[in-house]
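**Q** mmCIF, N, CA and C atoms, file work_22.cif:
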```cif
data_entry
loop_
_atom_site.label_atom_id
_atom_site.label_comp_id
_atom_site.auth_asym_id
_atom_site.auth_seq_id
_atom_site.Cartn_x
_atom_site.Cartn_y
_atom_site.Cartn_z
N ALA A 709 0.83 -1.19 0.00
CA ALA A 709 0.00 0.00 0.00
C ALA A 709 0.88 1.26 0.00
N ARG A 710 2.02 1.19 0.69
CA ARG A 710 2.90 2.35 0.74
C ARG A 710 3.44 2.70 -0.64
N VAL A 711 3.75 1.67 -1.44
CA VAL A 711 4.28 1.89 -2.79
C VAL A 711 3.23 2.59 -3.65
N TYR A 712 1.96 2.14 -3.52
CA TYR A 712 0.90 2.77 -4.30
C TYR A 712 0.70 4.23 -3.89
N GLY A 713 0.81 4.49 -2.60
CA GLY A 713 0.69 5.85 -2.11
C GLY A 713 1.80 6.74 -2.67
N GLU A 714 3.02 6.21 -2.71
CA GLU A 714 4.14 6.98 -3.26
C GLU A 714 3.97 7.20 -4.76
N LEU A 715 3.46 6.18 -5.46
CA LEU A 715 3.20 6.33 -6.89
C LEU A 715 2.14 7.38 -7.14
N LEU A 716 1.06 7.35 -6.38
CA LEU A 716 0.00 8.34 -6.52
C LEU A 716 0.52 9.74 -6.23
N ARG A 717 1.35 9.86 -5.21
CA ARG A 717 1.92 11.16 -4.87
C ARG A 717 2.81 11.67 -6.01
N THR A 718 3.62 10.80 -6.59
CA THR A 718 4.48 11.20 -7.70
C THR A 718 3.64 11.65 -8.90
N CYS A 719 2.58 10.90 -9.21
CA CYS A 719 1.69 11.28 -10.32
C CYS A 719 1.06 12.65 -10.07
N LEU A 720 0.60 12.88 -8.85
CA LEU A 720 0.01 14.18 -8.52
C LEU A 720 1.05 15.30 -8.56
N GLU A 721 2.27 15.01 -8.18
CA GLU A 721 3.34 16.02 -8.28
C GLU A 721 3.59 16.39 -9.73
N VAL A 722 3.59 15.41 -10.62
CA VAL A 722 3.79 15.69 -12.05
C VAL A 722 2.62 16.49 -12.59
N ILE A 723 1.39 16.10 -12.25
CA ILE A 723 0.21 16.85 -12.70
C ILE A 723 0.28 18.28 -12.18
N ASN A 724 0.64 18.46 -10.92
CA ASN A 724 0.77 19.80 -10.36
C ASN A 724 1.81 20.62 -11.08
N SER A 725 2.91 20.02 -11.40
CA SER A 725 3.97 20.73 -12.13
C SER A 725 3.45 21.20 -13.49
N VAL A 726 2.74 20.34 -14.18
CA VAL A 726 2.23 20.69 -15.50
C VAL A 726 1.19 21.80 -15.40
N ILE A 727 0.23 21.67 -14.48
CA ILE A 727 -0.83 22.68 -14.43
C ILE A 727 -0.34 24.00 -13.84
N THR A 728 0.71 23.95 -13.05
CA THR A 728 1.26 25.18 -12.47
C THR A 728 2.13 25.94 -13.46
N TYR A 729 2.97 25.23 -14.19
CA TYR A 729 3.95 25.89 -15.04
C TYR A 729 3.62 25.87 -16.53
N ALA A 730 2.71 25.00 -16.98
CA ALA A 730 2.50 24.87 -18.42
C ALA A 730 1.06 24.51 -18.78
N LEU A 731 0.08 25.00 -18.03
CA LEU A 731 -1.30 24.61 -18.29
C LEU A 731 -1.77 24.97 -19.70
N PRO A 732 -1.52 26.17 -20.23
CA PRO A 732 -2.04 26.49 -21.57
C PRO A 732 -1.50 25.59 -22.68
N ARG A 733 -0.37 24.95 -22.46
CA ARG A 733 0.20 24.06 -23.47
C ARG A 733 -0.19 22.60 -23.25
N ASN A 734 -1.03 22.34 -22.26
CA ASN A 734 -1.41 20.97 -21.92
C ASN A 734 -2.92 20.86 -21.70
N LEU A 735 -3.66 21.33 -22.68
CA LEU A 735 -5.12 21.33 -22.55
C LEU A 735 -5.71 19.93 -22.60
N ASN A 736 -5.00 18.97 -23.18
CA ASN A 736 -5.49 17.59 -23.15
C ASN A 736 -5.50 17.05 -21.73
N LEU A 737 -4.54 17.46 -20.92
CA LEU A 737 -4.54 17.07 -19.51
C LEU A 737 -5.74 17.69 -18.81
N VAL A 738 -6.02 18.96 -19.09
CA VAL A 738 -7.18 19.63 -18.50
C VAL A 738 -8.45 18.88 -18.89
N TYR A 739 -8.55 18.51 -20.16
CA TYR A 739 -9.70 17.74 -20.64
C TYR A 739 -9.85 16.46 -19.83
N ALA A 740 -8.76 15.75 -19.63
CA ALA A 740 -8.80 14.48 -18.88
C ALA A 740 -9.21 14.72 -17.43
N LEU A 741 -8.72 15.79 -16.82
CA LEU A 741 -9.08 16.10 -15.44
C LEU A 741 -10.58 16.40 -15.33
N VAL A 742 -11.09 17.19 -16.26
CA VAL A 742 -12.52 17.53 -16.24
C VAL A 742 -13.35 16.29 -16.53
N HIS A 743 -12.91 15.49 -17.48
CA HIS A 743 -13.65 14.28 -17.85
C HIS A 743 -13.74 13.30 -16.68
N ARG A 744 -12.67 13.18 -15.92
CA ARG A 744 -12.62 12.22 -14.80
C ARG A 744 -12.68 12.93 -13.45
N LYS A 745 -13.37 14.07 -13.39
CA LYS A 745 -13.37 14.89 -12.18
C LYS A 745 -13.88 14.14 -10.96
N GLU A 746 -14.88 13.27 -11.12
CA GLU A 746 -15.41 12.54 -9.96
C GLU A 746 -14.32 11.69 -9.31
N ALA A 747 -13.52 11.03 -10.12
CA ALA A 747 -12.45 10.18 -9.58
C ALA A 747 -11.42 11.02 -8.83
N PHE A 748 -11.06 12.17 -9.39
CA PHE A 748 -10.06 13.02 -8.73
C PHE A 748 -10.61 13.62 -7.45
N LEU A 749 -11.84 14.10 -7.50
CA LEU A 749 -12.41 14.73 -6.31
C LEU A 749 -12.65 13.70 -5.21
N ARG A 750 -13.02 12.50 -5.57
CA ARG A 750 -13.21 11.42 -4.59
C ARG A 750 -11.86 11.05 -3.97
N ALA A 751 -10.83 10.98 -4.80
CA ALA A 751 -9.49 10.62 -4.30
C ALA A 751 -8.98 11.67 -3.33
N GLY A 752 -9.28 12.93 -3.60
CA GLY A 752 -8.82 14.00 -2.72
C GLY A 752 -9.40 13.91 -1.33
N GLY A 753 -10.65 13.48 -1.23
CA GLY A 753 -11.29 13.35 0.08
C GLY A 753 -10.88 12.10 0.82
N CYS A 754 -10.43 11.09 0.11
CA CYS A 754 -10.09 9.80 0.73
C CYS A 754 -8.67 9.74 1.25
N HIS A 755 -7.81 10.59 0.77
CA HIS A 755 -6.39 10.51 1.12
C HIS A 755 -5.89 11.84 1.67
N PRO A 756 -6.12 12.11 2.95
CA PRO A 756 -5.70 13.38 3.54
C PRO A 756 -4.23 13.73 3.33
N PRO A 757 -3.29 12.75 3.32
CA PRO A 757 -1.89 13.12 3.09
C PRO A 757 -1.65 13.75 1.71
N LEU A 758 -2.57 13.54 0.78
CA LEU A 758 -2.40 14.09 -0.56
C LEU A 758 -3.17 15.40 -0.76
N SER A 759 -3.81 15.89 0.29
CA SER A 759 -4.66 17.07 0.14
C SER A 759 -3.87 18.30 -0.31
N ASP A 760 -2.60 18.40 0.09
CA ASP A 760 -1.80 19.54 -0.36
C ASP A 760 -1.65 19.55 -1.88
N LEU A 761 -1.50 18.37 -2.48
CA LEU A 761 -1.35 18.28 -3.93
C LEU A 761 -2.70 18.36 -4.65
N MET A 762 -3.76 17.97 -3.99
CA MET A 762 -5.08 17.97 -4.63
C MET A 762 -5.66 19.37 -4.74
N GLY A 763 -5.20 20.32 -3.95
CA GLY A 763 -5.76 21.67 -3.98
C GLY A 763 -5.70 22.30 -5.36
N ASN A 764 -4.54 22.26 -6.00
CA ASN A 764 -4.40 22.82 -7.35
C ASN A 764 -5.23 22.06 -8.36
N VAL A 765 -5.25 20.75 -8.25
CA VAL A 765 -6.03 19.93 -9.19
C VAL A 765 -7.51 20.27 -9.06
N GLU A 766 -7.98 20.38 -7.83
CA GLU A 766 -9.38 20.73 -7.60
C GLU A 766 -9.71 22.12 -8.14
N SER A 767 -8.78 23.07 -8.02
CA SER A 767 -9.01 24.42 -8.56
C SER A 767 -9.14 24.39 -10.08
N VAL A 768 -8.28 23.65 -10.73
CA VAL A 768 -8.33 23.53 -12.19
C VAL A 768 -9.63 22.87 -12.62
N ILE A 769 -9.99 21.79 -11.95
CA ILE A 769 -11.22 21.08 -12.30
C ILE A 769 -12.43 22.00 -12.12
N ALA A 770 -12.49 22.70 -10.99
CA ALA A 770 -13.64 23.57 -10.72
C ALA A 770 -13.75 24.67 -11.77
N PHE A 771 -12.64 25.33 -12.09
CA PHE A 771 -12.66 26.43 -13.06
C PHE A 771 -13.11 25.95 -14.44
N PHE A 772 -12.46 24.91 -14.94
CA PHE A 772 -12.76 24.47 -16.31
C PHE A 772 -14.09 23.73 -16.41
N ALA A 773 -14.46 22.95 -15.40
CA ALA A 773 -15.75 22.26 -15.44
C ALA A 773 -16.90 23.27 -15.45
N LYS A 774 -16.76 24.33 -14.69
CA LYS A 774 -17.78 25.38 -14.66
C LYS A 774 -17.91 26.04 -16.03
N ARG A 775 -16.78 26.31 -16.67
CA ARG A 775 -16.80 26.95 -18.00
C ARG A 775 -17.38 26.01 -19.05
N VAL A 776 -17.04 24.73 -18.97
CA VAL A 776 -17.57 23.75 -19.93
C VAL A 776 -19.07 23.60 -19.74
N ASP A 777 -19.50 23.48 -18.48
CA ASP A 777 -20.94 23.34 -18.21
C ASP A 777 -21.71 24.57 -18.69
N ARG A 778 -21.16 25.74 -18.47
CA ARG A 778 -21.81 26.98 -18.88
C ARG A 778 -21.89 27.07 -20.41
N GLY A 779 -20.89 26.55 -21.10
CA GLY A 779 -20.83 26.66 -22.56
C GLY A 779 -21.65 25.62 -23.30
N MET A 780 -22.09 24.61 -22.61
CA MET A 780 -22.88 23.56 -23.25
C MET A 780 -24.36 23.84 -23.07
N SER A 781 -25.13 23.55 -24.10
CA SER A 781 -26.58 23.71 -24.00
C SER A 781 -27.24 22.34 -23.92
N ALA A 782 -28.43 22.31 -23.37
CA ALA A 782 -29.14 21.04 -23.22
C ALA A 782 -29.52 20.45 -24.57
N SER A 783 -29.76 21.31 -25.56
CA SER A 783 -30.16 20.82 -26.87
C SER A 783 -28.99 20.32 -27.70
N ASP A 784 -27.77 20.74 -27.34
CA ASP A 784 -26.58 20.35 -28.09
C ASP A 784 -25.75 19.39 -27.25
N PRO A 785 -25.75 18.10 -27.59
CA PRO A 785 -24.96 17.16 -26.79
C PRO A 785 -23.47 17.50 -26.89
N ALA A 786 -22.78 17.29 -25.79
CA ALA A 786 -21.36 17.63 -25.73
C ALA A 786 -20.53 16.58 -26.46
N SER A 787 -19.88 17.01 -27.51
CA SER A 787 -18.94 16.14 -28.21
C SER A 787 -17.55 16.42 -27.66
N PRO A 788 -16.62 15.49 -27.81
CA PRO A 788 -15.26 15.76 -27.34
C PRO A 788 -14.67 17.03 -27.96
N GLU A 789 -14.98 17.27 -29.22
CA GLU A 789 -14.46 18.46 -29.89
C GLU A 789 -15.02 19.74 -29.28
N SER A 790 -16.34 19.74 -28.97
CA SER A 790 -16.94 20.95 -28.40
C SER A 790 -16.44 21.19 -26.98
N VAL A 791 -16.24 20.12 -26.22
CA VAL A 791 -15.69 20.27 -24.87
C VAL A 791 -14.27 20.82 -24.94
N MET A 792 -13.47 20.29 -25.85
CA MET A 792 -12.10 20.79 -26.00
C MET A 792 -12.10 22.25 -26.41
N GLN A 793 -13.01 22.64 -27.26
CA GLN A 793 -13.09 24.05 -27.66
C GLN A 793 -13.46 24.93 -26.47
N GLN A 794 -14.37 24.45 -25.62
CA GLN A 794 -14.73 25.20 -24.41
C GLN A 794 -13.51 25.35 -23.50
N ILE A 795 -12.72 24.30 -23.39
CA ILE A 795 -11.51 24.35 -22.55
C ILE A 795 -10.51 25.33 -23.14
N LYS A 796 -10.34 25.31 -24.46
CA LYS A 796 -9.42 26.26 -25.11
C LYS A 796 -9.88 27.68 -24.87
N ASP A 797 -11.17 27.93 -25.03
CA ASP A 797 -11.69 29.28 -24.80
C ASP A 797 -11.50 29.71 -23.35
N ALA A 798 -11.77 28.80 -22.41
CA ALA A 798 -11.62 29.12 -20.99
C ALA A 798 -10.16 29.33 -20.61
N SER A 799 -9.26 28.67 -21.31
CA SER A 799 -7.83 28.81 -20.97
C SER A 799 -7.34 30.23 -21.22
N LEU A 800 -8.01 30.95 -22.11
CA LEU A 800 -7.62 32.34 -22.38
C LEU A 800 -7.87 33.24 -21.18
N SER A 801 -8.84 32.87 -20.34
CA SER A 801 -9.12 33.67 -19.16
C SER A 801 -8.57 33.04 -17.88
N TRP A 802 -7.80 31.98 -18.03
CA TRP A 802 -7.20 31.31 -16.87
C TRP A 802 -6.14 32.20 -16.28
N GLY A 803 -6.28 32.50 -15.04
CA GLY A 803 -5.29 33.33 -14.38
C GLY A 803 -5.21 33.04 -12.90
N ALA A 804 -5.69 31.87 -12.51
CA ALA A 804 -5.71 31.52 -11.09
C ALA A 804 -4.29 31.42 -10.55
N HIS A 805 -4.17 31.76 -9.32
CA HIS A 805 -2.88 31.64 -8.65
C HIS A 805 -2.88 30.32 -7.89
N LEU A 806 -2.12 29.40 -8.40
CA LEU A 806 -2.03 28.08 -7.78
C LEU A 806 -0.90 28.07 -6.78
N ARG A 807 -1.01 27.16 -5.85
CA ARG A 807 0.06 26.99 -4.87
C ARG A 807 1.30 26.48 -5.60
N MET A 808 2.40 27.12 -5.37
CA MET A 808 3.64 26.75 -6.03
C MET A 808 4.35 25.67 -5.21
N PHE A 809 4.77 24.65 -5.91
CA PHE A 809 5.56 23.58 -5.31
C PHE A 809 6.95 23.66 -5.91
N PRO A 810 7.94 23.09 -5.24
CA PRO A 810 9.28 23.09 -5.83
C PRO A 810 9.26 22.39 -7.19
N GLU A 811 10.07 22.92 -8.09
CA GLU A 811 10.15 22.31 -9.42
C GLU A 811 10.69 20.90 -9.29
N LEU A 812 10.07 19.99 -10.03
CA LEU A 812 10.47 18.58 -9.94
C LEU A 812 11.80 18.34 -10.63
N ARG A 813 12.59 17.53 -10.03
CA ARG A 813 13.87 17.11 -10.61
C ARG A 813 13.95 15.60 -10.48
N PHE A 814 14.18 14.94 -11.59
CA PHE A 814 14.34 13.50 -11.59
C PHE A 814 15.75 13.20 -12.04
N SER A 815 16.32 12.18 -11.45
CA SER A 815 17.67 11.80 -11.85
C SER A 815 17.68 10.33 -12.24
N TYR A 816 18.58 10.03 -13.11
CA TYR A 816 18.75 8.66 -13.58
C TYR A 816 19.94 8.09 -12.85
N GLN A 817 19.72 6.98 -12.19
CA GLN A 817 20.81 6.32 -11.48
C GLN A 817 21.29 5.17 -12.36
N GLN A 818 22.48 5.31 -12.87
CA GLN A 818 23.00 4.34 -13.81
C GLN A 818 23.49 3.09 -13.10
N ASP A 819 23.13 1.95 -13.67
CA ASP A 819 23.63 0.68 -13.16
C ASP A 819 25.10 0.53 -13.53
N GLU A 820 25.73 -0.45 -12.92
CA GLU A 820 27.14 -0.69 -13.21
C GLU A 820 27.35 -1.13 -14.66
N ARG A 821 26.39 -1.88 -15.21
CA ARG A 821 26.51 -2.38 -16.59
C ARG A 821 25.22 -2.07 -17.35
N PRO A 822 25.01 -0.80 -17.74
CA PRO A 822 23.77 -0.43 -18.42
C PRO A 822 23.61 -1.10 -19.78
N GLU A 823 24.71 -1.52 -20.38
CA GLU A 823 24.62 -2.15 -21.70
C GLU A 823 23.84 -3.47 -21.66
N GLU A 824 23.76 -4.10 -20.50
CA GLU A 824 22.98 -5.33 -20.38
C GLU A 824 21.50 -5.09 -20.66
N PHE A 825 21.03 -3.89 -20.37
CA PHE A 825 19.65 -3.54 -20.69
C PHE A 825 19.54 -2.87 -22.06
N PHE A 826 20.38 -1.86 -22.30
CA PHE A 826 20.20 -1.01 -23.47
C PHE A 826 20.53 -1.70 -24.79
N VAL A 827 21.56 -2.52 -24.86
CA VAL A 827 21.92 -3.15 -26.13
C VAL A 827 20.80 -4.06 -26.63
N PRO A 828 20.29 -5.01 -25.83
CA PRO A 828 19.18 -5.83 -26.35
C PRO A 828 17.92 -5.00 -26.63
N TYR A 829 17.67 -3.99 -25.82
CA TYR A 829 16.49 -3.15 -26.01
C TYR A 829 16.57 -2.40 -27.34
N VAL A 830 17.69 -1.76 -27.60
CA VAL A 830 17.86 -1.00 -28.84
C VAL A 830 17.81 -1.94 -30.04
N TRP A 831 18.47 -3.08 -29.96
CA TRP A 831 18.42 -4.03 -31.08
C TRP A 831 17.01 -4.57 -31.30
N GLY A 832 16.27 -4.75 -30.24
CA GLY A 832 14.88 -5.17 -30.38
C GLY A 832 14.05 -4.14 -31.14
N ILE A 833 14.28 -2.88 -30.84
CA ILE A 833 13.58 -1.81 -31.57
C ILE A 833 14.02 -1.78 -33.03
N VAL A 834 15.32 -1.90 -33.27
CA VAL A 834 15.84 -1.89 -34.64
C VAL A 834 15.22 -3.04 -35.44
N LEU A 835 15.21 -4.23 -34.86
CA LEU A 835 14.66 -5.39 -35.57
C LEU A 835 13.17 -5.25 -35.85
N SER A 836 12.43 -4.70 -34.92
CA SER A 836 10.98 -4.62 -35.11
C SER A 836 10.56 -3.50 -36.05
N HIS A 837 11.39 -2.47 -36.24
CA HIS A 837 10.99 -1.32 -37.04
C HIS A 837 11.79 -1.10 -38.32
N ALA A 838 12.86 -1.82 -38.50
CA ALA A 838 13.73 -1.55 -39.65
C ALA A 838 13.33 -2.31 -40.90
N GLY A 839 12.48 -3.30 -40.76
CA GLY A 839 12.08 -4.09 -41.93
C GLY A 839 13.19 -5.00 -42.43
N LEU A 840 14.14 -5.31 -41.58
CA LEU A 840 15.24 -6.19 -41.95
C LEU A 840 14.75 -7.64 -41.92
N THR A 841 15.30 -8.45 -42.78
CA THR A 841 14.84 -9.83 -42.88
C THR A 841 15.78 -10.79 -42.16
N TRP A 842 16.35 -10.37 -41.07
CA TRP A 842 17.22 -11.24 -40.30
C TRP A 842 16.37 -12.18 -39.46
N ASN A 843 16.91 -13.36 -39.20
CA ASN A 843 16.26 -14.32 -38.34
C ASN A 843 16.70 -14.00 -36.90
N PRO A 844 15.79 -13.51 -36.04
CA PRO A 844 16.19 -13.10 -34.69
C PRO A 844 16.75 -14.26 -33.86
N GLN A 845 16.36 -15.51 -34.15
CA GLN A 845 16.88 -16.64 -33.39
C GLN A 845 18.35 -16.89 -33.69
N ARG A 846 18.85 -16.39 -34.80
CA ARG A 846 20.24 -16.63 -35.18
C ARG A 846 21.16 -15.50 -34.72
N LEU A 847 20.59 -14.45 -34.16
CA LEU A 847 21.41 -13.32 -33.71
C LEU A 847 22.00 -13.64 -32.33
N VAL A 848 23.24 -13.25 -32.15
CA VAL A 848 23.91 -13.41 -30.87
C VAL A 848 24.37 -12.02 -30.44
N LEU A 849 23.87 -11.58 -29.30
CA LEU A 849 24.26 -10.25 -28.79
C LEU A 849 25.23 -10.41 -27.66
#
```
Rewrite the structure from the file as structure tokens, please.
**A**
Amino acid sequence: ARVYGELLRTCLEVINSVITYALPRNLNLVYALVHRKEAFLRAGGCHPPLSDLMGNVESVIAFFAKRVDRGMSASDPASPESVMQQIKDASLSWGAHLRMFPELRFSYQQDERPEEFFVPYVWGIVLSHAGLTWNPQRLVL
């Protein structure tokens, strides 16, 4: 359970970073947040340790869901394209001040022998995409 909690926290940190620093360039993420708002809002109430990260997500969902709902009419069913257009239009007036978190930094910890992973992986990609007629069972790496 601890691993899942850490994974969820990392995912929320990435989402927070995107919506805080690059929301206008990531409207597909906003669409996904609005589309799955019930799941996000339910998760925020169930996991108090994540409430600090959920605040920004909830603000984005509330702002854009309100604009999408206001822009849709009962006679016109909401298509994905029309919802995305509503999000694009609403993003022009987006100016909320979100809680700033430290910028995320990820590092790659290299193994002692990275070639044991990378050489077969790269050759696997080459073989599957190059259209070469080699017999993979006869290859020795």
**Q** Any idea what the distance is between CA of Asn734 (chain A) and CA of Gln817 (chain A)?
**A**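 So the answer is 28.6 Å.
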**Q** Suppose you want the space between CA of Glu766 (chain A) and CA of Leu741 (chain A); what is it in Å?
**A**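 Taking CA of Glu766 (chain A) and CA of Leu741 (chain A), their separation equals 9.1 Å.
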**Q** Nearest to Leu735 (chain A): which of A:Met792, A:Phe748, A:Arg821, A:Gly832 is it, counting only N, CA and C atoms?
**A** A:Met792
**Q** Using all atoms listed in the file, determine which residues lie at most 8 Å from Val768 (chain A), disregarding the query and same-chain residues fewer than 6 positions distant; provide the list as a ChimeraX atom specification.
**A** /A:727,738,741-742,762,774
**Q** Quick one: of A:Pro757, A:Leu812, A:Gly779, A:Phe772, who's nearest to Glu721 (chain A), counting only N, CA and C atoms?
**A**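 Using only N, CA and C atoms, the shortest distance to Glu721 (chain A) belongs to A:Leu812.
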**Q** With distances taken over only C-alpha atoms, which residue among A:His743, A:Arg813, A:Lys796, A:Arg717 lies nearest Leu761 (chain A)?
**A** A:Arg717
**Q** Could you tell me how far atom N of Val726 (chain A) lies from CA of Val711 (chain A), in Å and to one decimal?
**A** 21.7 Å
**Q** Measuring between only C-alpha atoms, which one of A:Val848, A:Ala730, A:Leu749, A:Ala838 shows the shortest distance to Ser767 (chain A)?
**A**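 Under the stated criterion, the closest residue is A:Leu749.
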**Q** Might you pull out every residue within 7 Å of Ile795 (chain A), with all atoms listed in the file counted and same-chain residues fewer than 3 positions away left off, and present them as a PyMOL selection string?
**A** chain A and resi 735+739+772+775-776+790-792+798-800
**Q** Please produce a file of those selected residues containing N, CA and C atoms, as a PDB file, in the coordinates of the input.
**A**
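part03.pdb was written with the following content:
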```
ATOM      1  N   LEU A 735      -3.660  21.330 -22.680  1.00  0.00           N
ATOM      2  CA  LEU A 735      -5.120  21.330 -22.550  1.00  0.00           C
ATOM      3  C   LEU A 735      -5.710  19.930 -22.600  1.00  0.00           C
ATOM      4  N   TYR A 739      -8.550  18.510 -20.160  1.00  0.00           N
ATOM      5  CA  TYR A 739      -9.700  17.740 -20.640  1.00  0.00           C
ATOM      6  C   TYR A 739      -9.850  16.460 -19.830  1.00  0.00           C
ATOM      7  N   PHE A 772     -12.460  24.910 -14.940  1.00  0.00           N
ATOM      8  CA  PHE A 772     -12.760  24.470 -16.310  1.00  0.00           C
ATOM      9  C   PHE A 772     -14.090  23.730 -16.410  1.00  0.00           C
ATOM     10  N   ARG A 775     -16.780  26.310 -16.670  1.00  0.00           N
ATOM     11  CA  ARG A 775     -16.800  26.950 -18.000  1.00  0.00           C
ATOM     12  C   ARG A 775     -17.380  26.010 -19.050  1.00  0.00           C
ATOM     13  N   VAL A 776     -17.040  24.730 -18.970  1.00  0.00           N
ATOM     14  CA  VAL A 776     -17.570  23.750 -19.930  1.00  0.00           C
ATOM     15  C   VAL A 776     -19.070  23.600 -19.740  1.00  0.00           C
ATOM     16  N   SER A 790     -16.340  19.740 -28.970  1.00  0.00           N
ATOM     17  CA  SER A 790     -16.940  20.950 -28.400  1.00  0.00           C
ATOM     18  C   SER A 790     -16.440  21.190 -26.980  1.00  0.00           C
ATOM     19  N   VAL A 791     -16.240  20.120 -26.220  1.00  0.00           N
ATOM     20  CA  VAL A 791     -15.690  20.270 -24.870  1.00  0.00           C
ATOM     21  C   VAL A 791     -14.270  20.820 -24.940  1.00  0.00           C
ATOM     22  N   MET A 792     -13.470  20.290 -25.850  1.00  0.00           N
ATOM     23  CA  MET A 792     -12.100  20.790 -26.000  1.00  0.00           C
ATOM     24  C   MET A 792     -12.100  22.250 -26.410  1.00  0.00           C
ATOM     25  N   ALA A 798     -11.770  28.800 -22.410  1.00  0.00           N
ATOM     26  CA  ALA A 798     -11.620  29.120 -20.990  1.00  0.00           C
ATOM     27  C   ALA A 798     -10.160  29.330 -20.610  1.00  0.00           C
ATOM     28  N   SER A 799      -9.260  28.670 -21.310  1.00  0.00           N
ATOM     29  CA  SER A 799      -7.830  28.810 -20.970  1.00  0.00           C
ATOM     30  C   SER A 799      -7.340  30.230 -21.220  1.00  0.00           C
ATOM     31  N   LEU A 800      -8.010  30.950 -22.110  1.00  0.00           N
ATOM     32  CA  LEU A 800      -7.620  32.340 -22.380  1.00  0.00           C
ATOM     33  C   LEU A 800      -7.870  33.240 -21.180  1.00  0.00           C
TER      34      LEU A 800
END
```
**Q** Given the choices A:Gln794, A:Asn724, A:Asn736, A:Ser787, which gets closest to Asn764 (chain A) if the distance is worked out from all atoms listed in the file?
**A**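 Of A:Gln794, A:Asn724, A:Asn736, A:Ser787, the one nearest Asn764 (chain A), counting all atoms listed in the file, is A:Asn724.
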**Q** What's the 8 Å shell around Thr728 (chain A), counting all atoms listed in the file, without same-chain residues fewer than 3 positions away, as a list of chain:residue names?
**A**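 Here the answer would be A:Val722, A:Ile723, A:Asn724, A:Ser725, A:Leu731, A:Pro732, A:Asn764, A:Leu806, A:Arg807, A:Met808, A:Phe809.
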**Q** Give the alpha helix (DSSP H) residues of region 724-817 of chain A, as DSSP finds them on the backbone, and put them as a ChimeraX atom specification.
**A** /A:724-729,735-743,745-754,759-779,788-799
